[in-house]
$ cat my_file.tsv   # TSV, C-alpha atoms and all ligand atoms
chain	number	residue	atom	x	y	z
A	5	MET	CA	104.61	107.87	57.55
A	6	PRO	CA	102.69	105.62	55.17
A	7	ARG	CA	104.94	102.59	55.64
A	8	SER	CA	107.26	101.44	58.37
A	9	GLN	CA	110.73	102.96	58.06
A	10	PRO	CA	113.81	100.75	57.61
A	11	SER	CA	115.98	100.37	60.71
A	12	PRO	CA	118.81	102.92	60.97
A	13	GLN	CA	121.26	100.03	60.95
A	14	SER	CA	120.06	98.87	57.55
A	15	LEU	CA	120.75	102.37	56.17
A	16	VAL	CA	124.49	101.99	56.77
A	17	ARG	CA	126.55	100.30	54.05
A	18	PRO	CA	127.55	96.71	54.95
A	19	LEU	CA	131.19	97.64	54.30
A	20	VAL	CA	130.97	100.35	56.96
A	21	HIS	CA	129.44	97.92	59.46
A	22	GLY	CA	132.51	95.75	59.08
A	23	LEU	CA	135.09	98.50	59.63
A	24	HIS	CA	137.37	98.88	62.63
A	25	ALA	CA	138.33	102.49	63.24
A	26	TYR	CA	141.95	103.52	63.72
A	27	VAL	CA	142.85	103.51	67.42
A	28	PRO	CA	144.78	106.66	68.35
A	29	GLY	CA	146.96	106.83	71.45
A	30	GLU	CA	145.15	108.05	74.55
A	31	GLN	CA	145.02	111.75	75.43
A	32	PRO	CA	144.16	111.42	79.14
A	33	ARG	CA	143.80	114.38	81.46
A	34	ILE	CA	145.98	113.33	84.39
A	35	ARG	CA	147.81	115.97	86.35
A	36	GLY	CA	151.59	115.75	86.20
A	37	LEU	CA	151.42	112.98	83.58
A	38	ILE	CA	154.57	112.41	81.51
A	39	LYS	CA	153.05	111.72	78.13
A	40	LEU	CA	155.31	109.61	75.97
A	41	ASN	CA	152.66	107.71	73.99
A	42	THR	CA	151.83	109.68	70.82
A	43	ASN	CA	155.15	111.04	69.54
A	44	GLU	CA	154.27	114.63	70.27
A	45	ASN	CA	157.12	117.12	70.55
A	46	PRO	CA	158.05	118.11	74.13
A	47	TYR	CA	158.91	121.64	73.02
A	48	PRO	CA	156.28	124.30	72.28
A	49	PRO	CA	155.88	125.93	68.86
A	50	SER	CA	158.08	128.97	68.27
A	51	PRO	CA	156.83	132.19	69.94
A	52	ARG	CA	156.47	133.61	66.44
A	53	VAL	CA	154.01	130.88	65.55
A	54	LEU	CA	151.92	131.56	68.64
A	55	ARG	CA	151.98	135.32	67.95
A	56	ALA	CA	151.02	134.88	64.30
A	57	THR	CA	148.21	132.48	65.15
A	58	GLN	CA	146.86	134.68	67.96
A	59	GLY	CA	147.09	137.69	65.63
A	60	ALA	CA	144.83	135.90	63.17
A	61	VAL	CA	142.04	135.41	65.69
A	62	ASP	CA	139.83	138.25	64.47
A	63	GLY	CA	136.98	139.23	62.16
A	64	ARG	CA	138.39	137.22	59.28
A	65	PHE	CA	136.87	134.09	60.82
A	66	ARG	CA	133.85	135.22	58.79
A	67	LEU	CA	135.70	134.41	55.56
A	68	TYR	CA	136.71	131.12	53.98
A	69	PRO	CA	140.44	130.42	54.10
A	70	ASN	CA	142.54	130.22	50.94
A	71	PRO	CA	141.20	127.10	49.19
A	72	THR	CA	144.56	125.89	47.86
A	73	SER	CA	146.72	127.00	50.82
A	74	GLN	CA	148.49	128.96	48.10
A	75	ALA	CA	150.97	130.97	50.20
A	76	LEU	CA	151.97	127.84	52.09
A	77	ARG	CA	152.33	125.82	48.89
A	78	GLU	CA	154.61	128.46	47.45
A	79	ARG	CA	156.75	128.61	50.58
A	80	LEU	CA	157.06	124.83	50.71
A	81	ALA	CA	157.95	124.69	47.01
A	82	LYS	CA	160.70	127.22	47.60
A	83	LEU	CA	161.97	125.30	50.61
A	84	HIS	CA	162.14	122.06	48.63
A	85	GLY	CA	163.40	123.55	45.36
A	86	CYS	CA	160.36	122.60	43.28
A	87	ASP	CA	157.30	124.18	41.69
A	88	PRO	CA	154.10	124.91	43.68
A	89	SER	CA	152.30	122.53	41.29
A	90	GLN	CA	154.34	119.76	42.93
A	91	VAL	CA	153.00	120.43	46.44
A	92	LEU	CA	149.63	119.59	48.00
A	93	VAL	CA	148.71	120.67	51.53
A	94	GLY	CA	146.24	118.70	53.63
A	95	ASN	CA	144.44	118.65	56.96
A	96	GLY	CA	147.31	116.68	58.45
A	97	SER	CA	149.18	114.15	56.34
A	98	ASP	CA	146.51	111.64	57.41
A	99	GLU	CA	144.09	113.43	55.09
A	100	VAL	CA	146.55	113.30	52.21
A	101	LEU	CA	147.04	109.56	52.81
A	102	ALA	CA	143.27	109.07	52.53
A	103	LEU	CA	143.25	111.14	49.32
A	104	ALA	CA	146.02	108.99	47.87
A	105	VAL	CA	144.02	105.82	48.48
A	106	ARG	CA	140.98	107.34	46.81
A	107	ALA	CA	142.90	108.78	43.86
A	108	PHE	CA	145.18	105.86	42.98
A	109	VAL	CA	143.43	102.65	44.11
A	110	GLU	CA	140.32	100.98	42.66
A	111	PRO	CA	137.74	99.57	45.09
A	112	GLU	CA	137.95	95.80	44.94
A	113	VAL	CA	134.33	95.25	43.88
A	114	GLY	CA	134.13	95.22	40.11
A	115	CYS	CA	137.90	95.56	39.65
A	116	ARG	CA	139.27	92.89	37.33
A	117	LYS	CA	142.93	93.32	38.10
A	118	ALA	CA	143.70	92.64	41.78
A	119	SER	CA	146.88	94.74	41.82
A	120	LYS	CA	144.90	97.85	40.76
A	121	ALA	CA	142.82	97.46	43.94
A	122	THR	CA	145.79	96.79	46.22
A	123	VAL	CA	147.25	98.99	48.96
A	124	GLN	CA	150.65	97.62	49.96
A	125	TYR	CA	152.52	98.52	53.13
A	126	LEU	CA	155.23	97.19	55.37
A	127	ASP	CA	154.43	95.25	58.51
A	128	PRO	CA	154.78	96.61	61.10
A	129	SER	CA	154.24	100.23	60.13
A	130	TYR	CA	151.61	102.94	60.56
A	131	SER	CA	148.39	101.18	61.54
A	132	LEU	CA	146.23	103.77	59.78
A	133	TYR	CA	147.15	102.36	56.34
A	134	PRO	CA	144.98	99.20	56.45
A	135	VAL	CA	142.13	101.25	57.94
A	136	LEU	CA	142.18	103.65	54.97
A	137	ALA	CA	142.28	100.74	52.52
A	138	ALA	CA	139.32	99.07	54.25
A	139	ILE	CA	137.24	102.26	54.17
A	140	HIS	CA	137.81	102.45	50.42
A	141	GLY	CA	136.99	98.77	49.89
A	142	ALA	CA	140.50	98.08	48.63
A	143	ARG	CA	142.63	94.97	49.16
A	144	THR	CA	145.56	95.13	51.54
A	145	HIS	CA	148.96	93.52	51.13
A	146	ALA	CA	151.15	93.65	54.25
A	147	VAL	CA	154.77	92.80	53.53
A	148	PRO	CA	156.72	91.68	56.60
A	149	LEU	CA	159.87	93.61	57.41
A	150	GLY	CA	163.02	91.53	57.73
A	151	PRO	CA	165.10	90.80	60.85
A	152	ASP	CA	165.76	93.98	62.88
A	153	PHE	CA	162.95	95.65	60.91
A	154	ALA	CA	165.02	95.83	57.71
A	155	LEU	CA	163.34	96.42	54.35
A	156	PRO	CA	162.32	93.19	52.61
A	157	ALA	CA	164.17	92.07	49.51
A	158	MET	CA	162.82	93.51	46.29
A	159	PRO	CA	161.80	91.00	43.62
A	160	SER	CA	164.03	91.04	40.58
A	161	GLY	CA	162.10	91.11	37.33
A	162	LYS	CA	158.34	91.47	37.18
A	163	ARG	CA	157.21	88.40	39.09
A	164	ALA	CA	156.52	88.64	42.78
A	165	GLY	CA	156.08	85.98	45.42
A	166	ARG	CA	152.69	85.96	47.14
A	167	LYS	CA	154.10	87.15	50.44
A	168	GLY	CA	156.83	89.47	49.24
A	169	TRP	CA	156.84	92.95	47.76
A	170	ASN	CA	154.33	93.33	44.92
A	171	PRO	CA	155.78	95.56	42.18
A	172	GLU	CA	152.33	96.03	40.65
A	173	ALA	CA	150.40	97.24	43.72
A	174	ALA	CA	148.46	100.40	42.84
A	175	LEU	CA	149.72	102.15	45.98
A	176	SER	CA	152.64	101.32	48.28
A	177	LEU	CA	152.91	103.13	51.62
A	178	VAL	CA	156.36	103.18	53.22
A	179	THR	CA	156.93	104.81	56.62
A	180	THR	CA	160.50	106.05	56.52
A	181	PRO	CA	162.08	106.24	59.01
A	182	ASN	CA	159.83	103.40	60.09
A	183	ALA	CA	157.28	103.46	62.88
A	184	PRO	CA	156.97	101.86	65.36
A	185	SER	CA	160.50	100.43	65.02
A	186	GLY	CA	162.22	103.81	64.66
A	187	ARG	CA	164.62	102.29	62.17
A	188	GLY	CA	165.85	104.44	59.29
A	189	PHE	CA	166.26	103.32	55.68
A	190	THR	CA	168.96	104.66	53.39
A	191	ASN	CA	168.14	106.51	50.19
A	192	THR	CA	169.95	103.78	48.28
A	193	GLU	CA	167.57	101.15	49.68
A	194	LEU	CA	164.54	103.37	49.09
A	195	GLU	CA	165.58	104.09	45.53
A	196	THR	CA	165.86	100.34	44.88
A	197	LEU	CA	162.34	99.93	46.28
A	198	CYS	CA	160.99	102.77	44.11
A	199	ARG	CA	162.63	101.38	40.97
A	200	ALA	CA	161.21	97.92	41.69
A	201	THR	CA	157.66	99.30	41.94
A	202	ARG	CA	155.35	100.30	39.11
A	203	GLY	CA	152.42	101.71	41.14
A	204	VAL	CA	152.50	104.91	43.18
A	205	VAL	CA	155.01	104.85	46.06
A	206	VAL	CA	154.38	107.07	49.09
A	207	LEU	CA	157.41	107.67	51.28
A	208	ASP	CA	155.78	108.80	54.53
A	209	GLU	CA	158.46	110.93	56.18
A	210	ALA	CA	156.54	111.97	59.30
A	211	TYR	CA	159.72	111.61	61.42
A	212	VAL	CA	162.38	112.53	58.90
A	213	ASP	CA	163.66	115.62	60.71
A	214	PHE	CA	165.11	113.32	63.37
A	215	ALA	CA	166.86	111.14	60.76
A	216	ARG	CA	170.18	111.21	58.97
A	217	GLU	CA	168.77	111.25	55.44
A	218	ASN	CA	165.60	112.30	53.67
A	219	ALA	CA	164.22	111.04	50.38
A	220	LEU	CA	162.79	114.23	48.91
A	221	ALA	CA	165.11	113.93	45.92
A	222	LEU	CA	163.37	110.66	44.97
A	223	ALA	CA	159.99	112.41	44.76
A	224	LEU	CA	161.52	115.01	42.46
A	225	LYS	CA	163.28	112.38	40.35
A	226	TYR	CA	160.63	109.66	39.86
A	227	PRO	CA	157.13	110.50	38.57
A	228	HIS	CA	155.52	107.70	40.60
A	229	VAL	CA	157.04	108.66	43.97
A	230	LEU	CA	155.46	111.02	46.53
A	231	VAL	CA	157.08	112.21	49.75
A	232	PHE	CA	154.72	112.99	52.65
A	233	ARG	CA	155.63	115.38	55.46
A	234	THR	CA	153.78	116.74	58.47
A	235	PHE	CA	154.05	119.74	60.77
A	236	SER	CA	152.73	117.58	63.60
A	237	LYS	CA	155.75	115.81	65.04
A	238	ALA	CA	158.93	117.77	64.41
A	239	TYR	CA	157.22	121.18	64.26
A	240	SER	CA	155.10	120.88	67.43
A	241	LEU	CA	151.87	121.54	65.54
A	242	CYS	CA	149.63	118.42	65.88
A	243	PHE	CA	146.79	120.58	67.15
A	244	GLN	CA	146.61	122.57	63.92
A	245	ARG	CA	146.50	119.58	61.52
A	246	VAL	CA	148.81	120.49	58.64
A	247	GLY	CA	150.64	118.01	56.43
A	248	TYR	CA	151.64	117.96	52.78
A	249	CYS	CA	153.03	115.92	49.96
A	250	VAL	CA	155.53	116.58	47.20
A	251	GLY	CA	155.74	114.87	43.83
A	252	HIS	CA	154.90	114.91	40.14
A	253	PRO	CA	152.34	117.59	39.11
A	254	GLU	CA	150.06	114.95	37.53
A	255	LEU	CA	149.75	113.03	40.80
A	256	ILE	CA	149.38	116.25	42.79
A	257	GLU	CA	146.63	117.41	40.45
A	258	ALA	CA	144.76	114.14	40.95
A	259	LEU	CA	144.83	114.64	44.73
A	260	ASP	CA	143.80	118.27	44.30
A	261	ARG	CA	140.79	117.29	42.24
A	262	ILE	CA	139.25	115.09	44.94
A	263	ARG	CA	140.03	116.99	48.13
A	264	ASP	CA	137.54	119.18	49.98
A	265	SER	CA	137.56	122.74	48.66
A	266	TYR	CA	138.71	124.24	51.96
A	267	ASN	CA	140.60	121.30	53.36
A	268	VAL	CA	143.13	123.24	55.45
A	269	ASN	CA	141.71	125.58	58.08
A	270	GLY	CA	142.81	129.21	58.18
A	271	LEU	CA	144.70	129.17	61.48
A	272	GLY	CA	146.53	126.04	60.35
A	273	GLN	CA	147.78	127.81	57.24
A	274	VAL	CA	148.87	130.84	59.32
A	275	ALA	CA	150.65	128.64	61.88
A	276	ALA	CA	152.45	126.55	59.25
A	277	LEU	CA	153.64	129.64	57.37
A	278	ALA	CA	154.97	131.19	60.58
A	279	THR	CA	156.72	127.89	61.35
A	280	LEU	CA	158.62	128.18	58.07
A	281	ASP	CA	159.69	131.70	59.15
A	282	ASP	CA	161.52	130.29	62.15
A	283	LEU	CA	163.21	127.07	61.02
A	284	PRO	CA	166.37	127.66	63.10
A	285	TYR	CA	164.22	127.45	66.26
A	286	TYR	CA	162.97	124.03	65.18
A	287	ARG	CA	166.38	122.77	64.10
A	288	ARG	CA	167.63	123.45	67.62
A	289	ASN	CA	164.76	121.34	68.95
A	290	PHE	CA	165.54	118.46	66.56
A	291	LYS	CA	169.08	118.45	67.96
A	292	ARG	CA	167.82	118.41	71.54
A	293	VAL	CA	165.42	115.54	70.84
A	294	ILE	CA	168.17	113.56	69.11
A	295	ALA	CA	170.58	114.17	72.01
A	296	THR	CA	167.95	113.04	74.53
A	297	ARG	CA	167.17	110.00	72.37
A	298	GLU	CA	170.80	108.91	72.39
A	299	ARG	CA	171.12	109.48	76.14
A	300	LEU	CA	167.93	107.54	76.88
A	301	THR	CA	169.01	104.72	74.56
A	302	THR	CA	172.29	104.39	76.45
A	303	ALA	CA	170.62	104.55	79.88
A	304	LEU	CA	167.90	101.99	79.09
A	305	THR	CA	170.37	99.66	77.38
A	306	ALA	CA	172.45	99.71	80.57
A	307	LEU	CA	169.31	98.67	82.50
A	308	GLY	CA	168.80	95.61	80.30
A	309	PHE	CA	166.41	97.00	77.68
A	310	SER	CA	166.94	96.00	74.09
A	311	VAL	CA	166.59	99.21	72.03
A	312	VAL	CA	166.26	99.41	68.24
A	313	PRO	CA	168.62	102.18	67.05
A	314	SER	CA	166.25	105.05	66.27
A	315	GLN	CA	166.15	107.72	63.58
A	316	THR	CA	162.92	109.19	64.97
A	317	ASN	CA	161.58	110.96	68.07
A	318	PHE	CA	160.71	107.67	69.76
A	319	ILE	CA	162.43	104.43	70.66
A	320	PHE	CA	161.08	100.90	70.35
A	321	VAL	CA	162.29	98.80	73.25
A	322	ARG	CA	162.00	95.28	74.59
A	323	PRO	CA	161.98	95.59	78.38
A	324	PRO	CA	163.72	92.99	80.53
A	325	GLY	CA	161.87	90.89	83.12
A	326	PRO	CA	158.09	91.24	83.31
A	327	PRO	CA	155.95	91.35	80.15
A	328	ALA	CA	155.76	94.67	78.29
A	329	GLU	CA	152.11	95.05	79.29
A	330	SER	CA	153.09	94.94	82.98
A	331	TRP	CA	155.69	97.63	82.34
A	332	LEU	CA	153.00	99.72	80.67
A	333	LYS	CA	150.81	99.45	83.77
A	334	SER	CA	153.60	99.98	86.30
A	335	LEU	CA	154.87	103.04	84.45
A	336	ARG	CA	151.33	104.37	84.22
A	337	ASP	CA	150.97	103.96	88.00
A	338	GLN	CA	153.99	106.24	88.23
A	339	ARG	CA	152.29	108.66	85.81
A	340	ILE	CA	154.41	107.86	82.81
A	341	LEU	CA	152.40	106.95	79.72
A	342	VAL	CA	154.07	104.98	76.91
A	343	ARG	CA	152.56	103.01	74.01
A	344	TRP	CA	152.05	99.26	73.92
A	345	PHE	CA	150.60	97.40	70.93
A	346	ARG	CA	148.49	94.31	71.54
A	347	THR	CA	149.67	92.93	68.20
A	348	PRO	CA	151.34	89.59	67.52
A	349	GLY	CA	155.07	90.17	67.11
A	350	LEU	CA	154.98	93.58	68.80
A	351	SER	CA	153.42	92.82	72.18
A	352	ASP	CA	156.79	92.22	73.88
A	353	ARG	CA	157.81	95.83	73.23
A	354	LEU	CA	157.04	99.40	74.20
A	355	ARG	CA	157.22	102.51	72.08
A	356	ILE	CA	158.52	105.44	74.06
A	357	THR	CA	158.32	109.00	72.72
A	358	ILE	CA	161.39	111.14	73.34
A	359	GLY	CA	160.36	113.90	75.72
A	360	SER	CA	162.47	116.53	77.45
A	361	ASP	CA	165.68	115.66	79.30
A	362	ALA	CA	163.85	115.98	82.62
A	363	GLU	CA	161.20	113.50	81.42
A	364	ALA	CA	163.85	111.05	80.26
A	365	ASP	CA	165.60	111.33	83.63
A	366	ARG	CA	162.35	110.67	85.46
A	367	LEU	CA	161.65	107.63	83.26
A	368	VAL	CA	165.10	106.17	84.00
A	369	ARG	CA	164.68	106.80	87.74
A	370	VAL	CA	161.27	105.09	87.76
A	371	VAL	CA	162.61	102.10	85.78
A	372	ARG	CA	165.48	101.68	88.25
A	373	GLN	CA	163.13	101.94	91.18
A	374	LEU	CA	160.74	99.34	89.71
A	375	GLN	CA	163.61	96.95	89.04
A	376	ARG	CA	164.81	97.32	92.63
A	377	THR	CA	161.54	97.28	94.52
A	378	ARG	CA	159.15	95.29	92.30
A	379	PRO	CA	161.28	93.10	90.02
A	380	ASN	CA	158.21	91.05	89.00
A	381	HIS	CA	155.81	94.04	88.96
B	1	LIG	C1	151.87	110.95	62.91
B	1	LIG	C2	151.96	110.30	61.60
B	1	LIG	C3	151.24	110.76	60.50
B	1	LIG	C4	150.14	111.76	60.64
B	1	LIG	O1	150.47	113.04	60.75
B	1	LIG	P1	149.37	114.17	60.76
B	1	LIG	O2	149.96	115.18	59.86
B	1	LIG	O3	149.27	114.60	62.17
B	1	LIG	O4	148.08	113.63	60.21
B	1	LIG	C5	151.44	110.16	59.28
B	1	LIG	N1	152.27	109.11	59.14
B	1	LIG	C6	152.95	108.63	60.18
B	1	LIG	C7	153.85	107.47	59.97
B	1	LIG	C8	152.82	109.19	61.44
B	1	LIG	O5	153.46	108.67	62.48

$ encode --input "my_file.tsv" --output "structure tokens"
Amino acid sequence: MPRSQPSPQSLVRPLVHGLHAYVPGEQPRIRGLIKLNTNENPYPPSPRVLRATQGAVDGRFRLYPNPTSQALRERLAKLHGCDPSQVLVGNGSDEVLALAVRAFVEPEVGCRKASKATVQYLDPSYSLYPVLAAIHGARTHAVPLGPDFALPAMPSGKRAGRKGWNPEAALSLVTTPNAPSGRGFTNTELETLCRATRGVVVLDEAYVDFARENALALALKYPHVLVFRTFSKAYSLCFQRVGYCVGHPELIEALDRIRDSYNVNGLGQVAALATLDDLPYYRRNFKRVIATRERLTTALTALGFSVVPSQTNFIFVRPPGPPAESWLKSLRDQRILVRWFRTPGLSDRLRITIGSDAEADRLVRVVRQLQRTRPNH
């Protein structure tokens, strides 16, 4: 080495030094733990999915998987009544969200029009969105939801207030039904939002199978609207990482151009295809989750919890008595894990994933017991 080498730290871009990574919910290994913190499905994948996936564990591991997830694209297109050129499959919908930021948003440095470098999203919603914007060096614009987590008013005409919805943002990310509130939005409201927006609108429907309505028709109607779906939550397939988006072929092609060549692993493609072969199995599970959700909502409301009516597989509650963080700890002591956000405006609440009926019963029993024996935790 002729000269001294620069420090490793100085080799990392300053932007990267300043980033805060997304914080996923914990995946602890505690025996007998009731895990209600990451919105996983309590029911296993269909036996057909497990058989198909196991049957694909063989010598073909030597080969690259299909680069465009072609069979899966075609099946999804058929399911949604569109053309395969309107579907893009990703390594989880998280990957497709990252692709959308890279394809539709300018980095802020050197960009003369602020709106072209702006990622807009509702607050609160999925906390990955600002992380993806920061990685790309884009601006963020968080638009507060209204009372009871309602959609904000859309500006009429082209001018926007500084705090309200920006019709010109390059990319708008809308979790619908919303997380962490669980609240659903109607297609009428969402269509108004889409019509009021001139940039790309992503309707992130990660939880839509537990909702009354879905907005797929808007992605097929408006060229600037994309609907995102995932196999993770409703289809018990987090482990395999498969998500997709549906929309105009021009937008899909842009995402296709920048993704990794083999972005979806082979077993993921096999598992997702087999999932689509057994939709009735999953529809039964959606019904069970929804029934448990309604039962748990009633039971917790009776115990003094304030529960936002949910269209998802989780409920967002304000517990009575001690602070939400104390509830988090007391429930954890009883081996029930829920999610708490140390975020202004959210820290008085807990997000509770809907598990099985037995898990919901146990949660209600533990809550009652805590209220009786340790009212101040
Ligand atoms: C879980 C979740 C995703 C990510 O799904 P993956 O397909 O597992 O990456 C995307 N958006 C929202 C709102 C989610 O809750």

$ closest_residue --input "my_file.tsv" --among "A:Cys86, A:Leu54, A:Val212, A:Val205" --to "ligand LIG 1 (chain B)" --atoms "only C-alpha atoms and all ligand atoms"
A:Val212

$ atom_distance --input "my_file.tsv" --atom1 "CA of Leu271 in chain A" --atom2 "CA of Leu259 in chain A"
22.2 Å

$ closest_atom_pairs --input "my_file.tsv" --of "range 226-303 of chain A" --to "range 58-77 of chain A" --cutoff "8 Å" --atoms "only C-alpha atoms" --output "Markdown table"
| residue | atom | partner | partner_atom | distance |
| --- | --- | --- | --- | --- |
| A:Ser265 | CA | A:Pro71 | CA | 5.7 |
| A:Tyr266 | CA | A:Pro71 | CA | 4.7 |
| A:Asn267 | CA | A:Pro71 | CA | 7.2 |
| A:Val268 | CA | A:Ser73 | CA | 7.0 |
| A:Asn269 | CA | A:Pro69 | CA | 6.4 |
| A:Gly270 | CA | A:Pro69 | CA | 4.9 |
| A:Leu271 | CA | A:Ala60 | CA | 6.9 |
| A:Gln273 | CA | A:Ser73 | CA | 6.6 |
| A:Val274 | CA | A:Ala60 | CA | 7.5 |
| A:Ala276 | CA | A:Leu76 | CA | 7.3 |
| A:Leu277 | CA | A:Leu76 | CA | 5.8 |

$ write_last_selection --input "my_file.tsv" --atoms "C-alpha atoms" --output "compact mmCIF listing (two decimals), keeping the file's coordinate frame"
# COMPACT_ATOMS: atom_id res chain seq x y z
CA SER A 265 137.56 122.74 48.66
CA TYR A 266 138.71 124.24 51.96
CA ASN A 267 140.60 121.30 53.36
CA VAL A 268 143.13 123.24 55.45
CA ASN A 269 141.71 125.58 58.08
CA GLY A 270 142.81 129.21 58.18
CA LEU A 271 144.70 129.17 61.48
CA GLN A 273 147.78 127.81 57.24
CA VAL A 274 148.87 130.84 59.32
CA ALA A 276 152.45 126.55 59.25
CA LEU A 277 153.64 129.64 57.37

$ residues_near_ligand --input "my_file.tsv" --ligand "ligand LIG 1 (chain B)" --cutoff "10 Å" --atoms "only C-alpha atoms and all ligand atoms" --output "PyMOL selection string"
chain A and resi 28+42-44+94-101+129-133+177-184+207-212+232-238+241-248+316

$ write_last_selection --input "my_file.tsv" --atoms "C-alpha atoms" --output "short mmCIF file (atom, residue, chain, number, x, y, z; two decimals), keeping the file's coordinate frame"
data_model
loop_
_atom_site.label_atom_id
_atom_site.label_comp_id
_atom_site.auth_asym_id
_atom_site.auth_seq_id
_atom_site.Cartn_x
_atom_site.Cartn_y
_atom_site.Cartn_z
CA PRO A 28 144.78 106.66 68.35
CA THR A 42 151.83 109.68 70.82
CA ASN A 43 155.15 111.04 69.54
CA GLU A 44 154.27 114.63 70.27
CA GLY A 94 146.24 118.70 53.63
CA ASN A 95 144.44 118.65 56.96
CA GLY A 96 147.31 116.68 58.45
CA SER A 97 149.18 114.15 56.34
CA ASP A 98 146.51 111.64 57.41
CA GLU A 99 144.09 113.43 55.09
CA VAL A 100 146.55 113.30 52.21
CA LEU A 101 147.04 109.56 52.81
CA SER A 129 154.24 100.23 60.13
CA TYR A 130 151.61 102.94 60.56
CA SER A 131 148.39 101.18 61.54
CA LEU A 132 146.23 103.77 59.78
CA TYR A 133 147.15 102.36 56.34
CA LEU A 177 152.91 103.13 51.62
CA VAL A 178 156.36 103.18 53.22
CA THR A 179 156.93 104.81 56.62
CA THR A 180 160.50 106.05 56.52
CA PRO A 181 162.08 106.24 59.01
CA ASN A 182 159.83 103.40 60.09
CA ALA A 183 157.28 103.46 62.88
CA PRO A 184 156.97 101.86 65.36
CA LEU A 207 157.41 107.67 51.28
CA ASP A 208 155.78 108.80 54.53
CA GLU A 209 158.46 110.93 56.18
CA ALA A 210 156.54 111.97 59.30
CA TYR A 211 159.72 111.61 61.42
CA VAL A 212 162.38 112.53 58.90
CA PHE A 232 154.72 112.99 52.65
CA ARG A 233 155.63 115.38 55.46
CA THR A 234 153.78 116.74 58.47
CA PHE A 235 154.05 119.74 60.77
CA SER A 236 152.73 117.58 63.60
CA LYS A 237 155.75 115.81 65.04
CA ALA A 238 158.93 117.77 64.41
CA LEU A 241 151.87 121.54 65.54
CA CYS A 242 149.63 118.42 65.88
CA PHE A 243 146.79 120.58 67.15
CA GLN A 244 146.61 122.57 63.92
CA ARG A 245 146.50 119.58 61.52
CA VAL A 246 148.81 120.49 58.64
CA GLY A 247 150.64 118.01 56.43
CA TYR A 248 151.64 117.96 52.78
CA THR A 316 162.92 109.19 64.97
#

$ residues_near_point --input "my_file.tsv" --point "(148.8, 114.2, 40.5)" --cutoff "12 Å" --atoms "only C-alpha atoms" --output "JSON, numbers by chain"
{"A": [89, 90, 91, 92, 100, 103, 104, 107, 108, 204, 227, 228, 229, 230, 249, 250, 251, 252, 253, 254, 255, 256, 257, 258, 259, 260, 261, 262, 263]}

$ closest_residue --input "my_file.tsv" --among "A:Val20, A:Val206, A:Ala142, A:Gly272" --to "Val53 in chain A" --atoms "only C-alpha atoms"
A:Gly272

$ closest_residue --input "my_file.tsv" --among "A:Ala154, A:Arg287, A:Val370, A:Val105" --to "Gly141 in chain A" --atoms "only C-alpha atoms"
A:Val105
